[in-house]
Structures are given as structure tokens and as C-alpha cells.
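Asks: Below is the file structure.cif, with mmCIF, C-alpha atoms; chains and numbers go by the auth columns.
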data_work
#
loop_
_atom_site.group_PDB
_atom_site.id
_atom_site.type_symbol
_atom_site.label_atom_id
_atom_site.label_comp_id
_atom_site.label_asym_id
_atom_site.label_seq_id
_atom_site.Cartn_x
_atom_site.Cartn_y
_atom_site.Cartn_z
_atom_site.B_iso_or_equiv
_atom_site.auth_seq_id
_atom_site.auth_asym_id
ATOM 1 C CA MET A 1 44.300 -4.351 18.957 0.00 1 A
ATOM 2 C CA ARG A 2 47.683 -5.445 17.607 0.00 2 A
ATOM 3 C CA SER A 3 48.492 -8.879 16.229 0.00 3 A
ATOM 4 C CA GLU A 4 50.555 -11.003 18.565 0.00 4 A
ATOM 5 C CA GLN A 5 53.274 -13.601 18.036 0.00 5 A
ATOM 6 C CA VAL A 6 52.513 -17.037 19.451 0.00 6 A
ATOM 7 C CA GLU A 7 55.445 -18.904 20.994 0.00 7 A
ATOM 8 C CA HIS A 8 55.767 -22.625 20.218 0.00 8 A
ATOM 9 C CA ASP A 9 57.274 -25.128 22.660 0.00 9 A
ATOM 10 C CA ASP A 10 60.621 -24.869 20.847 0.00 10 A
ATOM 11 C CA GLY A 11 60.705 -21.128 21.484 0.00 11 A
ATOM 12 C CA ALA A 12 60.173 -20.188 17.835 0.00 12 A
ATOM 13 C CA PRO A 13 57.521 -17.575 17.176 0.00 13 A
ATOM 14 C CA GLY A 14 54.379 -18.865 15.477 0.00 14 A
ATOM 15 C CA PRO A 15 52.260 -17.000 12.982 0.00 15 A
ATOM 16 C CA ALA A 16 50.765 -13.717 14.080 0.00 16 A
ATOM 17 C CA VAL A 17 47.231 -13.955 15.359 0.00 17 A
ATOM 18 C CA PRO A 18 45.177 -11.712 13.089 0.00 18 A
ATOM 19 C CA ARG A 19 42.840 -9.081 14.425 0.00 19 A
ATOM 20 C CA LEU A 20 39.231 -8.615 13.454 0.00 20 A
ATOM 21 C CA VAL A 21 37.707 -5.324 12.383 0.00 21 A
ATOM 22 C CA LEU A 22 33.915 -5.120 12.446 0.00 22 A
ATOM 23 C CA ALA A 23 32.642 -2.836 9.691 0.00 23 A
ATOM 24 C CA SER A 24 29.431 -2.044 11.527 0.00 24 A
ATOM 25 C CA ALA A 25 28.088 0.260 14.216 0.00 25 A
ATOM 26 C CA SER A 26 25.590 -2.392 15.325 0.00 26 A
ATOM 27 C CA PRO A 27 25.722 -2.964 19.103 0.00 27 A
ATOM 28 C CA ALA A 28 24.035 -6.340 18.566 0.00 28 A
ATOM 29 C CA ARG A 29 26.807 -7.571 16.268 0.00 29 A
ATOM 30 C CA ALA A 30 29.403 -6.332 18.730 0.00 30 A
ATOM 31 C CA ARG A 31 27.693 -8.246 21.538 0.00 31 A
ATOM 32 C CA ILE A 32 27.725 -11.430 19.471 0.00 32 A
ATOM 33 C CA LEU A 33 31.480 -11.210 18.876 0.00 33 A
ATOM 34 C CA GLU A 34 32.108 -10.396 22.540 0.00 34 A
ATOM 35 C CA ALA A 35 30.002 -13.364 23.688 0.00 35 A
ATOM 36 C CA ALA A 36 31.898 -15.604 21.267 0.00 36 A
ATOM 37 C CA GLY A 37 35.219 -14.561 22.819 0.00 37 A
ATOM 38 C CA LEU A 38 36.459 -12.845 19.671 0.00 38 A
ATOM 39 C CA PRO A 39 38.440 -9.618 20.190 0.00 39 A
ATOM 40 C CA PHE A 40 37.753 -6.944 17.594 0.00 40 A
ATOM 41 C CA THR A 41 37.771 -3.253 16.863 0.00 41 A
ATOM 42 C CA VAL A 42 35.053 -1.271 15.109 0.00 42 A
ATOM 43 C CA LEU A 43 35.369 0.874 11.998 0.00 43 A
ATOM 44 C CA VAL A 44 32.016 2.046 10.695 0.00 44 A
ATOM 45 C CA SER A 45 31.535 2.089 6.932 0.00 45 A
ATOM 46 C CA ASP A 46 30.210 5.069 4.999 0.00 46 A
ATOM 47 C CA VAL A 47 28.033 2.949 2.715 0.00 47 A
ATOM 48 C CA ASP A 48 24.608 4.430 1.959 0.00 48 A
ATOM 49 C CA GLU A 49 22.476 1.301 2.342 0.00 49 A
ATOM 50 C CA ASP A 50 19.334 2.717 0.742 0.00 50 A
ATOM 51 C CA ALA A 51 21.234 4.122 -2.244 0.00 51 A
ATOM 52 C CA LEU A 52 23.083 0.860 -2.835 0.00 52 A
ATOM 53 C CA ALA A 53 19.872 -1.163 -2.676 0.00 53 A
ATOM 54 C CA ALA A 54 18.199 1.277 -5.063 0.00 54 A
ATOM 55 C CA ALA A 55 21.101 0.869 -7.483 0.00 55 A
ATOM 56 C CA HIS A 56 20.355 -2.879 -7.722 0.00 56 A
ATOM 57 C CA PRO A 57 16.577 -2.999 -8.230 0.00 57 A
ATOM 58 C CA LEU A 58 16.642 -6.537 -9.643 0.00 58 A
ATOM 59 C CA ALA A 59 18.464 -8.016 -6.648 0.00 59 A
ATOM 60 C CA GLY A 60 16.371 -10.257 -4.415 0.00 60 A
ATOM 61 C CA PRO A 61 16.335 -9.881 -0.625 0.00 61 A
ATOM 62 C CA ALA A 62 19.111 -12.420 -0.014 0.00 62 A
ATOM 63 C CA GLU A 63 21.285 -10.977 -2.774 0.00 63 A
ATOM 64 C CA THR A 64 20.742 -7.467 -1.416 0.00 64 A
ATOM 65 C CA ALA A 65 21.933 -8.542 2.042 0.00 65 A
ATOM 66 C CA GLN A 66 25.108 -9.944 0.528 0.00 66 A
ATOM 67 C CA LEU A 67 25.704 -6.881 -1.665 0.00 67 A
ATOM 68 C CA LEU A 68 25.445 -4.614 1.362 0.00 68 A
ATOM 69 C CA ALA A 69 27.736 -6.802 3.490 0.00 69 A
ATOM 70 C CA ARG A 70 30.369 -6.819 0.763 0.00 70 A
ATOM 71 C CA ALA A 71 30.142 -3.074 0.213 0.00 71 A
ATOM 72 C CA LYS A 72 30.612 -2.379 3.921 0.00 72 A
ATOM 73 C CA ALA A 73 33.623 -4.675 4.248 0.00 73 A
ATOM 74 C CA GLU A 74 35.301 -3.298 1.138 0.00 74 A
ATOM 75 C CA ASP A 75 34.636 0.294 2.186 0.00 75 A
ATOM 76 C CA VAL A 76 36.355 -0.226 5.545 0.00 76 A
ATOM 77 C CA ALA A 77 39.139 -2.431 4.137 0.00 77 A
ATOM 78 C CA VAL A 78 40.755 0.556 2.390 0.00 78 A
ATOM 79 C CA HIS A 79 40.971 2.472 5.678 0.00 79 A
ATOM 80 C CA ALA A 80 44.501 2.828 7.047 0.00 80 A
ATOM 81 C CA ASP A 81 43.356 1.558 10.452 0.00 81 A
ATOM 82 C CA ALA A 82 42.231 -1.700 8.825 0.00 82 A
ATOM 83 C CA ALA A 83 45.708 -2.566 7.521 0.00 83 A
ATOM 84 C CA GLY A 84 46.766 -6.083 8.458 0.00 84 A
ATOM 85 C CA ALA A 85 43.314 -7.092 9.664 0.00 85 A
ATOM 86 C CA LEU A 86 40.405 -9.295 8.685 0.00 86 A
ATOM 87 C CA VAL A 87 37.529 -6.916 7.972 0.00 87 A
ATOM 88 C CA VAL A 88 34.072 -8.331 8.629 0.00 88 A
ATOM 89 C CA GLY A 89 31.068 -6.752 6.938 0.00 89 A
ATOM 90 C CA CYS A 90 27.481 -7.817 7.630 0.00 90 A
ATOM 91 C CA ASP A 91 24.034 -6.653 6.669 0.00 91 A
ATOM 92 C CA SER A 92 20.543 -8.027 7.175 0.00 92 A
ATOM 93 C CA VAL A 93 17.393 -7.940 5.083 0.00 93 A
ATOM 94 C CA PHE A 94 14.007 -9.336 6.098 0.00 94 A
ATOM 95 C CA GLU A 95 11.847 -11.004 3.476 0.00 95 A
ATOM 96 C CA VAL A 96 8.097 -11.577 3.475 0.00 96 A
ATOM 97 C CA ASP A 97 6.383 -12.904 0.333 0.00 97 A
ATOM 98 C CA GLY A 98 9.502 -12.195 -1.712 0.00 98 A
ATOM 99 C CA VAL A 99 9.609 -8.517 -0.716 0.00 99 A
ATOM 100 C CA ALA A 100 12.708 -7.109 0.999 0.00 100 A
ATOM 101 C CA TYR A 101 12.385 -5.056 4.156 0.00 101 A
ATOM 102 C CA GLY A 102 15.380 -3.259 5.605 0.00 102 A
ATOM 103 C CA LYS A 103 15.493 -0.802 8.484 0.00 103 A
ATOM 104 C CA PRO A 104 12.264 1.200 8.816 0.00 104 A
ATOM 105 C CA TRP A 105 13.951 4.296 10.313 0.00 105 A
ATOM 106 C CA GLU A 106 10.602 6.038 10.966 0.00 106 A
ATOM 107 C CA PRO A 107 7.975 5.024 13.580 0.00 107 A
ATOM 108 C CA GLU A 108 5.136 5.144 11.075 0.00 108 A
ATOM 109 C CA VAL A 109 6.971 2.768 8.761 0.00 109 A
ATOM 110 C CA ALA A 110 7.811 0.387 11.617 0.00 110 A
ATOM 111 C CA LEU A 111 4.193 0.292 12.754 0.00 111 A
ATOM 112 C CA GLU A 112 3.007 -0.473 9.233 0.00 112 A
ATOM 113 C CA ARG A 113 5.537 -3.314 9.068 0.00 113 A
ATOM 114 C CA TRP A 114 4.091 -4.821 12.211 0.00 114 A
ATOM 115 C CA ARG A 115 0.559 -4.621 10.856 0.00 115 A
ATOM 116 C CA MET A 116 1.777 -6.563 7.846 0.00 116 A
ATOM 117 C CA GLN A 117 3.915 -9.234 9.557 0.00 117 A
ATOM 118 C CA SER A 118 1.846 -9.917 12.679 0.00 118 A
ATOM 119 C CA GLY A 119 1.052 -13.615 12.886 0.00 119 A
ATOM 120 C CA ARG A 120 3.179 -14.434 9.862 0.00 120 A
ATOM 121 C CA THR A 121 6.553 -15.991 9.019 0.00 121 A
ATOM 122 C CA GLY A 122 9.386 -14.335 7.136 0.00 122 A
ATOM 123 C CA GLU A 123 13.025 -14.997 6.284 0.00 123 A
ATOM 124 C CA LEU A 124 15.849 -12.987 7.813 0.00 124 A
ATOM 125 C CA HIS A 125 18.901 -12.965 5.532 0.00 125 A
ATOM 126 C CA THR A 126 22.279 -11.846 6.866 0.00 126 A
ATOM 127 C CA GLY A 127 25.100 -11.414 4.408 0.00 127 A
ATOM 128 C CA HIS A 128 28.700 -11.844 5.537 0.00 128 A
ATOM 129 C CA TRP A 129 31.840 -10.659 3.756 0.00 129 A
ATOM 130 C CA VAL A 130 35.416 -10.875 5.052 0.00 130 A
ATOM 131 C CA VAL A 131 38.292 -8.996 3.403 0.00 131 A
ATOM 132 C CA ASP A 132 41.840 -10.066 4.282 0.00 132 A
ATOM 133 C CA THR A 133 44.177 -7.062 4.317 0.00 133 A
ATOM 134 C CA ARG A 134 47.113 -8.909 5.898 0.00 134 A
ATOM 135 C CA SER A 135 49.043 -9.493 2.681 0.00 135 A
ATOM 136 C CA GLY A 136 49.302 -5.956 1.409 0.00 136 A
ATOM 137 C CA SER A 137 48.537 -2.285 1.651 0.00 137 A
ATOM 138 C CA THR A 138 44.968 -1.061 2.033 0.00 138 A
ATOM 139 C CA SER A 139 45.653 1.322 -0.839 0.00 139 A
ATOM 140 C CA GLY A 140 45.028 -1.380 -3.444 0.00 140 A
ATOM 141 C CA ALA A 141 41.690 -2.055 -5.074 0.00 141 A
ATOM 142 C CA PRO A 142 39.348 -4.098 -2.834 0.00 142 A
ATOM 143 C CA ALA A 143 39.055 -6.798 -5.493 0.00 143 A
ATOM 144 C CA SER A 144 42.831 -7.361 -5.361 0.00 144 A
ATOM 145 C CA ARG A 145 42.728 -8.644 -1.793 0.00 145 A
ATOM 146 C CA PRO A 146 41.579 -12.113 -0.668 0.00 146 A
ATOM 147 C CA ALA A 147 37.921 -12.065 0.331 0.00 147 A
ATOM 148 C CA VAL A 148 35.169 -14.577 1.053 0.00 148 A
ATOM 149 C CA GLY A 149 31.468 -14.281 1.693 0.00 149 A
ATOM 150 C CA ALA A 150 28.412 -16.315 2.623 0.00 150 A
ATOM 151 C CA LEU A 151 24.767 -15.855 3.458 0.00 151 A
ATOM 152 C CA ALA A 152 23.026 -17.131 6.589 0.00 152 A
ATOM 153 C CA SER A 153 19.224 -17.187 6.642 0.00 153 A
ATOM 154 C CA ALA A 154 16.625 -18.156 9.209 0.00 154 A
ATOM 155 C CA SER A 155 12.846 -18.133 9.284 0.00 155 A
ATOM 156 C CA VAL A 156 11.086 -16.097 11.965 0.00 156 A
ATOM 157 C CA THR A 157 7.461 -16.589 13.031 0.00 157 A
ATOM 158 C CA PHE A 158 5.598 -13.815 14.821 0.00 158 A
ATOM 159 C CA ALA A 159 2.719 -13.966 17.239 0.00 159 A
ATOM 160 C CA GLU A 160 -0.486 -12.114 16.522 0.00 160 A
ATOM 161 C CA VAL A 161 0.335 -8.624 17.774 0.00 161 A
ATOM 162 C CA ASP A 162 -2.456 -6.146 18.475 0.00 162 A
ATOM 163 C CA GLU A 163 -2.225 -2.493 17.503 0.00 163 A
ATOM 164 C CA ALA A 164 -1.590 -1.252 21.037 0.00 164 A
ATOM 165 C CA SER A 165 1.265 -3.708 21.610 0.00 165 A
ATOM 166 C CA ALA A 166 2.845 -2.922 18.250 0.00 166 A
ATOM 167 C CA ALA A 167 2.604 0.807 18.946 0.00 167 A
ATOM 168 C CA ALA A 168 4.167 0.337 22.385 0.00 168 A
ATOM 169 C CA TYR A 169 7.053 -1.613 20.852 0.00 169 A
ATOM 170 C CA VAL A 170 7.657 0.956 18.143 0.00 170 A
ATOM 171 C CA ALA A 171 7.590 3.718 20.776 0.00 171 A
ATOM 172 C CA THR A 172 10.641 2.152 22.466 0.00 172 A
ATOM 173 C CA GLY A 173 12.685 2.986 19.374 0.00 173 A
ATOM 174 C CA GLU A 174 14.215 -0.480 19.296 0.00 174 A
ATOM 175 C CA PRO A 175 12.849 -1.593 15.905 0.00 175 A
ATOM 176 C CA LEU A 176 13.675 1.580 13.966 0.00 176 A
ATOM 177 C CA GLN A 177 17.202 0.524 13.010 0.00 177 A
ATOM 178 C CA CYS A 178 16.552 -3.212 12.726 0.00 178 A
ATOM 179 C CA ALA A 179 15.902 -5.084 9.494 0.00 179 A
ATOM 180 C CA GLY A 180 12.250 -6.112 9.516 0.00 180 A
ATOM 181 C CA ALA A 181 11.517 -3.742 12.415 0.00 181 A
ATOM 182 C CA PHE A 182 12.361 -6.325 15.080 0.00 182 A
ATOM 183 C CA THR A 183 15.145 -8.044 16.941 0.00 183 A
ATOM 184 C CA ILE A 184 15.098 -11.245 18.976 0.00 184 A
ATOM 185 C CA ASP A 185 17.697 -10.115 21.513 0.00 185 A
ATOM 186 C CA GLY A 186 15.617 -7.321 22.995 0.00 186 A
ATOM 187 C CA ARG A 187 11.999 -6.313 23.539 0.00 187 A
ATOM 188 C CA GLY A 188 11.006 -7.769 20.183 0.00 188 A
ATOM 189 C CA ALA A 189 11.577 -11.282 21.529 0.00 189 A
ATOM 190 C CA ALA A 190 8.165 -11.008 23.215 0.00 190 A
ATOM 191 C CA PHE A 191 6.513 -11.214 19.799 0.00 191 A
ATOM 192 C CA VAL A 192 8.562 -14.027 18.225 0.00 192 A
ATOM 193 C CA THR A 193 7.164 -17.538 18.586 0.00 193 A
ATOM 194 C CA ALA A 194 9.717 -19.522 16.562 0.00 194 A
ATOM 195 C CA VAL A 195 13.083 -19.235 14.858 0.00 195 A
ATOM 196 C CA HIS A 196 14.280 -21.916 12.454 0.00 196 A
ATOM 197 C CA GLY A 197 17.954 -21.477 11.676 0.00 197 A
ATOM 198 C CA ASP A 198 20.887 -19.774 13.368 0.00 198 A
ATOM 199 C CA PRO A 199 19.493 -17.277 15.923 0.00 199 A
ATOM 200 C CA ASN A 200 22.686 -15.233 15.700 0.00 200 A
ATOM 201 C CA ALA A 201 22.021 -14.747 11.987 0.00 201 A
ATOM 202 C CA VAL A 202 18.690 -13.184 12.952 0.00 202 A
ATOM 203 C CA ILE A 203 20.457 -10.860 15.381 0.00 203 A
ATOM 204 C CA GLY A 204 22.925 -9.851 12.697 0.00 204 A
ATOM 205 C CA LEU A 205 26.055 -12.028 12.608 0.00 205 A
ATOM 206 C CA SER A 206 26.338 -15.809 12.412 0.00 206 A
ATOM 207 C CA VAL A 207 29.436 -16.929 14.325 0.00 207 A
ATOM 208 C CA SER A 208 29.154 -20.339 12.693 0.00 208 A
ATOM 209 C CA THR A 209 29.252 -18.737 9.244 0.00 209 A
ATOM 210 C CA LEU A 210 32.168 -16.543 10.304 0.00 210 A
ATOM 211 C CA ARG A 211 34.069 -19.636 11.469 0.00 211 A
ATOM 212 C CA VAL A 212 33.759 -21.176 8.008 0.00 212 A
ATOM 213 C CA LEU A 213 34.792 -17.961 6.234 0.00 213 A
ATOM 214 C CA LEU A 214 37.849 -17.513 8.449 0.00 214 A
ATOM 215 C CA ALA A 215 38.839 -21.120 7.764 0.00 215 A
ATOM 216 C CA ASP A 216 38.625 -20.386 4.035 0.00 216 A
ATOM 217 C CA LEU A 217 41.211 -17.652 4.642 0.00 217 A
ATOM 218 C CA GLY A 218 43.459 -20.016 6.596 0.00 218 A
ATOM 219 C CA VAL A 219 42.482 -18.755 10.050 0.00 219 A
ATOM 220 C CA SER A 220 41.093 -20.925 12.822 0.00 220 A
ATOM 221 C CA LEU A 221 38.428 -19.092 14.794 0.00 221 A
ATOM 222 C CA THR A 222 39.600 -20.779 17.979 0.00 222 A
ATOM 223 C CA SER A 223 43.043 -19.215 17.539 0.00 223 A
ATOM 224 C CA LEU A 224 41.431 -15.843 18.229 0.00 224 A
ATOM 225 C CA TRP A 225 40.070 -16.830 21.622 0.00 225 A
ATOM 226 C CA GLY A 226 41.837 -15.058 24.446 0.00 226 A
ATOM 227 C CA THR A 227 44.011 -12.886 22.225 0.00 227 A
#
Let me see the structure of the file written as C-alpha cells.
Replies:
Amino acid sequence: MRSEQVEHDDGAPGPAVPRLVLASASPARARILEAAGLPFTVLVSDVDEDALAAAHPLAGPAETAQLLARAKAEDVAVHADAAGALVVGCDSVFEVDGVAYGKPWEPEVALERWRMQSGRTGELHTGHWVVDTRSGSTSGAPASRPAVGALASASVTFAEVDEASAAAYVATGEPLQCAGAFTIDGRGAAFVTAVHGDPNAVIGLSVSTLRVLLADLGVSLTSLWGT
């Protein structure tokens, strides 16, 4: 989607409305941006999440979420198709008793997660990082471009889930690529009894947090509506 010139009442063109690039293949994050009325395009990063997390063994769950979000945004920001855009990277990590849990990937791992977290409360951390490529070429080092980041966290309480129900949920495939082996915008909502914090952060992208980050870069989120 190309940036557009906004005409003022005096006929003079206003500043170009920037475009958003989502550095994620997550359908849930895409749905959040669509529901918020924010046009965007998708460029998926090549970041190896497990390798990056392993390279920072001392990072806590919240810090890991932010490291991954930053890595994804910076990876996509150097792509030619991201030139002149605001690149949004996000990643989520679930925490129970100080231990980080990312995507389970395998059914056996997801089922074990549910045995552990049934009837308990954990924290879902979603890191956000926005790289502004509007002021220069994407060929420069990521650190040379304006960028801002923030973390959004929310607590999630689960119902007591019996083995058969957990197995049935895992069999749907939904939790395999979700941090903490669950999501609240799908079948997993049946097993969540309370969320304290921004529900969109639990799904994967806090629009409220994004609004603040865009403002830090001189962009009003409302200016993107209807572009």
C-alpha cells in the first residue's frame, strides 16, 4: 500500500500518511490490525525464534518477548519492500512461575503444557518494536534508524481442564503455534476464566501500545484510519 498525500483546506498537500508493515505471519495479529481499521502489508521475518532465545539464556520471559519483537522488526526493516514504512514486530512469551513458554510446536509438548497450567494463572508478555524506515534507505544498519519499543503484559487464569478436554483442544492444532499453547480468540477461550490487562496483548498485538509507539515517532494512529 502506497503512502498518500493529504490535502488541506488551502489545497496544499499535507504530510504523507505512512504505511504499516507487519513483520509477522500471525493471522491473529493481522485480524487485530484489520479490526482496528489500520491498513498494513505483511512481510514475514526470517528470525529463528528458538535460536535467538537460546542465545540469551539469562533473559527473563518479558525480556525474551521484547528481544524477539525487536529482532523481527529489524530483520524486515532492511527488506526493500519495507522502504518508507513503519515496520511493526511483535512476539509473545507466556510465563508461569518465572519460566518462559513459547510456542509448543508439537502436540505432546502442548498437552504437557496444559497439564501444568490447568487451573493456574500465568502472565502473557507481548513485545512490540517499531522501526521507522521513512527517513532513509533500508540498506543502513537497523540501529541507525528511529525505533521504539514497549512491552504489554496481561495475566491469564485457566479453568481446571481435564485430560480429555485438553487432548481434544490440542488435537485441533490451534495451540501448537501459540505462546503458552493457547489463544483467547479461538477454541482456547473455552478454558480461560479471567484476563487482567489488555486482551489484545494476549492475542498478540496491543493496539493501545502501538498507538503510544506511533506517537513517539510523530505519527497519530487515527491518521491511518481509512487510508
Asks: Which of these residues is nearest to A:Leu111, using all atoms listed in the file: A:Leu22, A:Ala171, A:Val131, A:Val17?
Replies: A:Ala171
Asks: In Å, with one decimal, what is the gap from atom CA of A:Trp105 to atom CA of A:Gln177?
Replies: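 Here the two named atoms are 5.7 Å from each other.
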Asks: Nearest residue to A:Glu106 out of A:Ser206, A:Ser24, A:Thr183, A:Gly173, using only C-alpha atoms?
Replies: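 For A:Glu106, the nearest of the candidates is A:Gly173.
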Asks: In Å, how far is it from atom CA of A:Leu176 to atom CA of A:Glu108?
Replies: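 A separation of 9.7 Å between them.
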Asks: Here is a test: counting all atoms listed in the file, which residue of A:Pro107, A:Gly119, A:Gly37, A:Pro18 is nearest to A:Tyr169?
Replies: A:Pro107
Asks: Taking into account only C-alpha atoms, which residue in the set A:Ala30, A:Ala80, A:Ile203, A:Ala51 is nearest to A:Leu124?
Replies: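 Smallest distance to A:Leu124 is found for A:Ile203.
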Asks: Select, from A:Leu213, A:Ala179, A:Ala35, A:Val96, the residue with the minimum atom-to-atom distance to A:Ser118, counting all atoms listed in the file.
Replies: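 Of A:Leu213, A:Ala179, A:Ala35, A:Val96, the one nearest A:Ser118, counting all atoms listed in the file, is A:Val96.
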